[in-house]
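A.B. asks: Next comes the structure file model.txt, holding compact mmCIF, C-alpha atoms and all ligand atoms.
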# COMPACT_ATOMS: atom_id res chain seq x y z
CA MET A 1 48.19 72.30 57.26
CA LYS A 2 49.88 73.57 54.18
CA LYS A 3 52.23 76.49 54.53
CA SER A 4 51.07 79.37 52.43
CA THR A 5 54.30 81.33 52.52
CA LYS A 6 57.56 80.47 50.91
CA ASN A 7 60.82 80.63 52.78
CA ILE A 8 62.04 84.13 51.98
CA LYS A 9 65.18 84.29 54.01
CA LYS A 10 67.82 86.78 53.04
CA LEU A 11 71.34 85.48 53.07
CA ASP A 12 74.33 87.29 54.48
CA ILE A 13 76.47 87.21 51.38
CA LEU A 14 80.04 88.46 51.57
CA ASP A 15 81.08 91.33 49.35
CA GLU A 16 83.99 91.02 46.93
CA VAL A 17 86.34 93.03 49.18
CA ASP A 18 86.10 90.40 51.93
CA LYS A 19 89.34 88.44 52.13
CA ARG A 20 87.51 85.23 53.03
CA LEU A 21 86.45 85.06 49.38
CA ARG A 22 90.12 84.76 48.44
CA THR A 23 90.94 81.62 50.39
CA ILE A 24 90.94 77.95 49.41
CA SER A 25 87.95 76.25 51.01
CA GLU A 26 88.24 72.98 52.91
CA GLU A 27 87.13 69.53 51.78
CA VAL A 28 83.90 68.40 53.42
CA LYS A 29 83.61 65.17 55.40
CA PHE A 30 80.43 63.10 55.65
CA PRO A 31 77.90 62.92 57.15
CA LEU A 32 76.98 66.57 56.69
CA SER A 33 75.92 68.48 59.78
CA GLU A 34 72.27 69.48 60.15
CA GLU A 35 73.45 73.07 60.01
CA ASP A 36 75.07 72.55 56.61
CA LYS A 37 71.94 70.80 55.32
CA ASN A 38 69.82 73.73 56.48
CA THR A 39 72.18 76.19 54.84
CA ILE A 40 71.95 74.25 51.58
CA ASN A 41 68.15 74.42 51.71
CA ASP A 42 68.20 78.15 52.49
CA ILE A 43 70.47 78.72 49.50
CA ILE A 44 68.23 76.67 47.19
CA ASP A 45 65.20 78.68 48.35
CA TYR A 46 67.02 81.98 47.89
CA LEU A 47 68.31 81.17 44.42
CA THR A 48 64.92 79.88 43.29
CA ASN A 49 62.98 82.85 44.67
CA SER A 50 65.51 85.31 43.31
CA GLN A 51 64.90 84.00 39.78
CA ILE A 52 61.12 84.37 40.01
CA GLU A 53 60.59 87.96 39.01
CA GLU A 54 57.52 88.78 41.14
CA ILE A 55 59.11 87.35 44.28
CA ALA A 56 62.50 88.93 43.59
CA GLU A 57 60.91 92.34 43.16
CA LYS A 58 58.60 92.08 46.11
CA TYR A 59 61.36 91.02 48.51
CA ASP A 60 64.19 92.89 46.82
CA LEU A 61 66.28 89.80 46.08
CA ARG A 62 69.22 90.09 43.75
CA PRO A 63 68.86 87.37 41.13
CA GLY A 64 71.45 84.65 41.06
CA MET A 65 71.65 81.07 39.80
CA GLY A 66 74.55 79.89 41.93
CA LEU A 67 76.20 80.30 45.28
CA ALA A 68 79.17 78.70 46.97
CA PHE A 69 79.55 78.21 50.73
CA PRO A 70 82.56 80.56 51.04
CA GLN A 71 80.27 83.40 49.92
CA LEU A 72 78.57 83.00 53.30
CA GLY A 73 81.92 83.00 55.10
CA LEU A 74 81.90 79.19 55.36
CA SER A 75 85.15 77.56 54.30
CA LYS A 76 83.58 74.42 52.82
CA ARG A 77 83.69 72.96 49.32
CA ILE A 78 79.95 73.04 48.65
CA ILE A 79 78.30 74.66 45.62
CA ILE A 80 74.64 75.08 44.76
CA ILE A 81 73.20 75.90 41.35
CA VAL A 82 69.51 76.45 40.61
CA HIS A 83 69.18 76.32 36.86
CA GLU A 84 66.06 77.57 35.11
CA TYR A 85 66.17 75.10 32.25
CA GLU A 86 62.75 76.12 30.98
CA ASP A 87 60.54 79.06 31.82
CA GLY A 88 59.62 78.70 35.50
CA LYS A 89 61.18 75.23 35.78
CA PHE A 90 64.26 74.75 37.91
CA ASP A 91 66.82 72.03 38.42
CA ASN A 92 68.81 72.06 41.64
CA TYR A 93 72.41 70.96 41.77
CA VAL A 94 74.15 70.51 45.10
CA VAL A 95 77.71 69.30 44.71
CA ILE A 96 80.07 68.67 47.58
CA ASN A 97 83.83 68.54 46.96
CA PRO A 98 83.24 69.13 43.23
CA LYS A 99 85.97 68.53 40.69
CA ILE A 100 86.05 69.15 36.95
CA VAL A 101 87.20 65.78 35.60
CA SER A 102 87.01 66.63 31.91
CA ASN A 103 86.37 69.61 29.71
CA SER A 104 85.85 70.54 26.07
CA GLU A 105 88.54 72.21 23.99
CA GLU A 106 85.93 74.73 22.96
CA ILE A 107 85.86 77.94 24.95
CA ILE A 108 82.76 80.11 25.35
CA ALA A 109 81.77 83.18 27.33
CA ALA A 110 78.44 84.50 28.53
CA GLU A 111 77.59 87.20 26.04
CA ALA A 112 76.52 89.76 28.62
CA GLY A 113 79.41 88.88 30.93
CA GLU A 114 78.98 87.17 34.29
CA GLY A 115 77.48 88.34 37.52
CA CYS A 116 78.01 87.25 41.07
CA LEU A 117 76.02 87.73 44.26
CA SER A 118 79.24 88.91 45.92
CA VAL A 119 79.92 91.54 43.27
CA ASN A 120 77.52 94.46 43.60
CA ARG A 121 78.47 96.25 40.42
CA ASP A 122 78.48 95.62 36.71
CA VAL A 123 81.76 94.26 35.45
CA GLU A 124 82.16 94.37 31.72
CA GLY A 125 84.04 91.78 29.77
CA HIS A 126 83.91 88.20 28.65
CA VAL A 127 84.99 85.43 30.97
CA PRO A 128 86.50 82.52 29.03
CA ARG A 129 85.00 79.19 30.11
CA PHE A 130 84.97 75.64 28.81
CA ALA A 131 81.85 75.06 26.70
CA ARG A 132 81.33 71.66 28.34
CA VAL A 133 82.54 70.16 31.58
CA THR A 134 82.04 66.95 33.49
CA VAL A 135 81.90 67.53 37.23
CA GLU A 136 82.28 64.82 39.86
CA GLY A 137 81.57 65.17 43.53
CA TYR A 138 79.14 64.01 46.20
CA ASP A 139 75.53 64.70 46.97
CA GLU A 140 74.25 65.64 50.43
CA ASN A 141 74.17 61.99 51.48
CA GLY A 142 77.72 61.31 50.43
CA ASN A 143 76.84 59.45 47.24
CA LYS A 144 79.21 59.98 44.36
CA ILE A 145 77.67 61.98 41.52
CA ARG A 146 78.73 62.94 38.04
CA ILE A 147 77.18 65.77 36.05
CA ARG A 148 77.68 66.74 32.43
CA ALA A 149 77.06 70.41 31.85
CA ARG A 150 77.06 72.55 28.77
CA GLU A 151 76.71 76.21 27.91
CA GLU A 152 75.11 78.30 30.66
CA LEU A 153 75.21 75.45 33.16
CA SER A 154 78.85 74.71 32.34
CA ILE A 155 79.71 78.36 32.97
CA ALA A 156 77.84 78.26 36.27
CA PHE A 157 79.76 75.20 37.49
CA GLN A 158 83.11 76.77 36.61
CA HIS A 159 82.11 80.06 38.28
CA GLU A 160 81.04 78.34 41.50
CA ILE A 161 84.03 75.98 41.66
CA ASP A 162 86.26 79.04 41.24
CA HIS A 163 84.78 80.41 44.48
CA LEU A 164 86.11 77.35 46.32
CA ASN A 165 89.58 78.28 45.14
CA GLY A 166 89.40 81.99 45.98
CA ILE A 167 88.86 83.10 42.39
CA LEU A 168 86.30 85.72 41.34
CA PHE A 169 85.03 85.84 37.77
CA PHE A 170 86.61 89.17 36.89
CA ASP A 171 90.06 87.73 37.63
CA ARG A 172 89.66 85.84 34.36
CA ILE A 173 88.77 88.81 32.15
CA ASN A 174 91.56 89.83 29.82
CA LYS A 175 92.27 93.41 30.89
CA LYS A 176 93.79 94.37 27.54
CA LYS A 177 91.05 92.78 25.44
CA PRO A 178 87.97 92.28 27.63
CA PHE A 179 85.61 91.41 24.80
CA TYR A 180 85.79 88.57 22.30
CA SER A 181 84.68 89.00 18.76
CA GLU A 182 83.27 86.29 16.55
CA ASN A 183 85.54 87.22 13.64
NI NI B 1 79.80 84.16 42.22
Would you write out, as structure tokens, the structure that this file holds?

C.D. replies:
Amino acid sequence: MKKSTKNIKKLDILDEVDKRLRTISEEVKFPLSEEDKNTINDIIDYLTNSQIEEIAEKYDLRPGMGLAFPQLGLSKRIIIIVHEYEDGKFDNYVVINPKIVSNSEEIIAAEAGEGCLSVNRDVEGHVPRFARVTVEGYDENGNKIRIRAREELSIAFQHEIDHLNGILFFDRINKKKPFYSEN
């Protein structure tokens, strides 16, 4: 029988004041535990549902496109990004032990600033990010993967990898000049 309900599980996401968000997460060894696989699936479901407006409203989910394991208090180098590349269409990225192996010279910033599921307030200011990055790491089965990301997706990868190193996005905002100008 087909399940008629989606998995609407709320995640226990740490708030920015929690010191566990400020630590360097540990490298992951393969094979992954069943528990880690389940957590990955719960995160994918959450991020997907949270970006579908009707579901997010109905279940009061804060929208987010990425989450890193340390945000759940798990010191593991695993990031998940659910990218809405087209209206209502999502690509899932699960990268274990991710590393940025190359980046563009060009720097960009999300125009409206960045948000984070661990930061329950608006933080104003531009976060400088590489316009393009190549990320290497492993998938859930331990296969080596390589992803080229640009623009919004590039920003998301840098934001999530920062979480593995205890960095929150607002650390990177220039306090004296928080906004860029085109001129
Ligand atoms: Ni975040």

A.B. asks: Which residue gives the smallest distance to ligand NI 1 (chain B) among A:Ser181, A:Gln71, A:Asn165, A:Ser102, with all atoms listed in the file counted?

C.D. replies: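 Counting all atoms listed in the file, the residue closest to ligand NI 1 (chain B) is A:Gln71.
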
A.B. asks: For the atom pair CA of Arg146 (chain A) and CA of Val101 (chain A), what is the interatomic distance in Å to one decimal place?

C.D. replies: 9.3 Å

A.B. asks: Compare A:Ile52, A:Arg62, A:Asn7, A:Glu35 by their minimum atom-to-atom distance to Arg121 (chain A), counting only C-alpha atoms, and give me the closest one.

C.D. replies: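 The shortest atom-to-atom distance to Arg121 (chain A) comes from A:Arg62.
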
A.B. asks: Within 12 Å of ligand NI 1 (chain B), counting only C-alpha atoms and all ligand atoms, which protein or nucleic acid residues do you find, written as a JSON list (two decimals) with C-alpha atoms, in the coordinates of the input?

C.D. replies:
[["chain", "number", "residue", "atom", "x", "y", "z"],
["A", 13, "ILE", "CA", 76.47, 87.21, 51.38],
["A", 14, "LEU", "CA", 80.04, 88.46, 51.57],
["A", 15, "ASP", "CA", 81.08, 91.33, 49.35],
["A", 16, "GLU", "CA", 83.99, 91.02, 46.93],
["A", 21, "LEU", "CA", 86.45, 85.06, 49.38],
["A", 63, "PRO", "CA", 68.86, 87.37, 41.13],
["A", 64, "GLY", "CA", 71.45, 84.65, 41.06],
["A", 65, "MET", "CA", 71.65, 81.07, 39.80],
["A", 66, "GLY", "CA", 74.55, 79.89, 41.93],
["A", 67, "LEU", "CA", 76.20, 80.30, 45.28],
["A", 68, "ALA", "CA", 79.17, 78.70, 46.97],
["A", 69, "PHE", "CA", 79.55, 78.21, 50.73],
["A", 70, "PRO", "CA", 82.56, 80.56, 51.04],
["A", 71, "GLN", "CA", 80.27, 83.40, 49.92],
["A", 72, "LEU", "CA", 78.57, 83.00, 53.30],
["A", 79, "ILE", "CA", 78.30, 74.66, 45.62],
["A", 80, "ILE", "CA", 74.64, 75.08, 44.76],
["A", 81, "ILE", "CA", 73.20, 75.90, 41.35],
["A", 114, "GLU", "CA", 78.98, 87.17, 34.29],
["A", 115, "GLY", "CA", 77.48, 88.34, 37.52],
["A", 116, "CYS", "CA", 78.01, 87.25, 41.07],
["A", 117, "LEU", "CA", 76.02, 87.73, 44.26],
["A", 118, "SER", "CA", 79.24, 88.91, 45.92],
["A", 119, "VAL", "CA", 79.92, 91.54, 43.27],
["A", 120, "ASN", "CA", 77.52, 94.46, 43.60],
["A", 155, "ILE", "CA", 79.71, 78.36, 32.97],
["A", 156, "ALA", "CA", 77.84, 78.26, 36.27],
["A", 157, "PHE", "CA", 79.76, 75.20, 37.49],
["A", 158, "GLN", "CA", 83.11, 76.77, 36.61],
["A", 159, "HIS", "CA", 82.11, 80.06, 38.28],
["A", 160, "GLU", "CA", 81.04, 78.34, 41.50],
["A", 161, "ILE", "CA", 84.03, 75.98, 41.66],
["A", 162, "ASP", "CA", 86.26, 79.04, 41.24],
["A", 163, "HIS", "CA", 84.78, 80.41, 44.48],
["A", 164, "LEU", "CA", 86.11, 77.35, 46.32],
["A", 165, "ASN", "CA", 89.58, 78.28, 45.14],
["A", 166, "GLY", "CA", 89.40, 81.99, 45.98],
["A", 167, "ILE", "CA", 88.86, 83.10, 42.39],
["A", 168, "LEU", "CA", 86.30, 85.72, 41.34],
["A", 169, "PHE", "CA", 85.03, 85.84, 37.77],
["A", 170, "PHE", "CA", 86.61, 89.17, 36.89],
["A", 171, "ASP", "CA", 90.06, 87.73, 37.63]]

A.B. asks: Counting all atoms listed in the file, which residue out of A:Asp36, A:Glu26, A:Asp45, A:Glu151 sits closest to Asn92 (chain A)?

C.D. replies: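 Closest residue, counting all atoms listed in the file: A:Asp45.
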
A.B. asks: Just give me the gap between CA of Gly73 (chain A) and CA of Asn174 (chain A) in Å, one decimal is fine.

C.D. replies: 27.9 Å

A.B. asks: Between CA of Ala110 (chain A) and CA of Pro178 (chain A), what is the distance in Å, rounded to a tenth?

C.D. replies: 12.3 Å

A.B. asks: Give me, as a ChimeraX atom specification, all polymer residues having an atom no more than 7 Å from Val135 (chain A), counting all atoms listed in the file and skipping those fewer than 5 positions away in the same chain.

C.D. replies: /A:98-101,146-148

A.B. asks: Pick the closest to Gly113 (chain A) from A:Val95, A:Ile173, A:Val17, A:Leu32: which is it, counting all atoms listed in the file?

C.D. replies: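 Comparing A:Val95, A:Ile173, A:Val17, A:Leu32 against Gly113 (chain A), the winner is A:Ile173.
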
A.B. asks: Which centre and edge lengths in Å to one decimal define the box along x, y and z that fits every listed atom of region 141-155 of chain A plus 4 Å per side, as lines of an AutoDock Vina configuration file?

C.D. replies:
center_x = 76.9
center_y = 68.9
center_z = 39.7
size_x = 13.5
size_y = 26.9
size_z = 31.6

A.B. asks: Which residue, A:Glu86, A:Tyr180, A:Ile145, A:Leu47, has the smallest gap to Glu111 (chain A) when you use all atoms listed in the file?

C.D. replies: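 So, comparing all the options, the nearest one is A:Tyr180.
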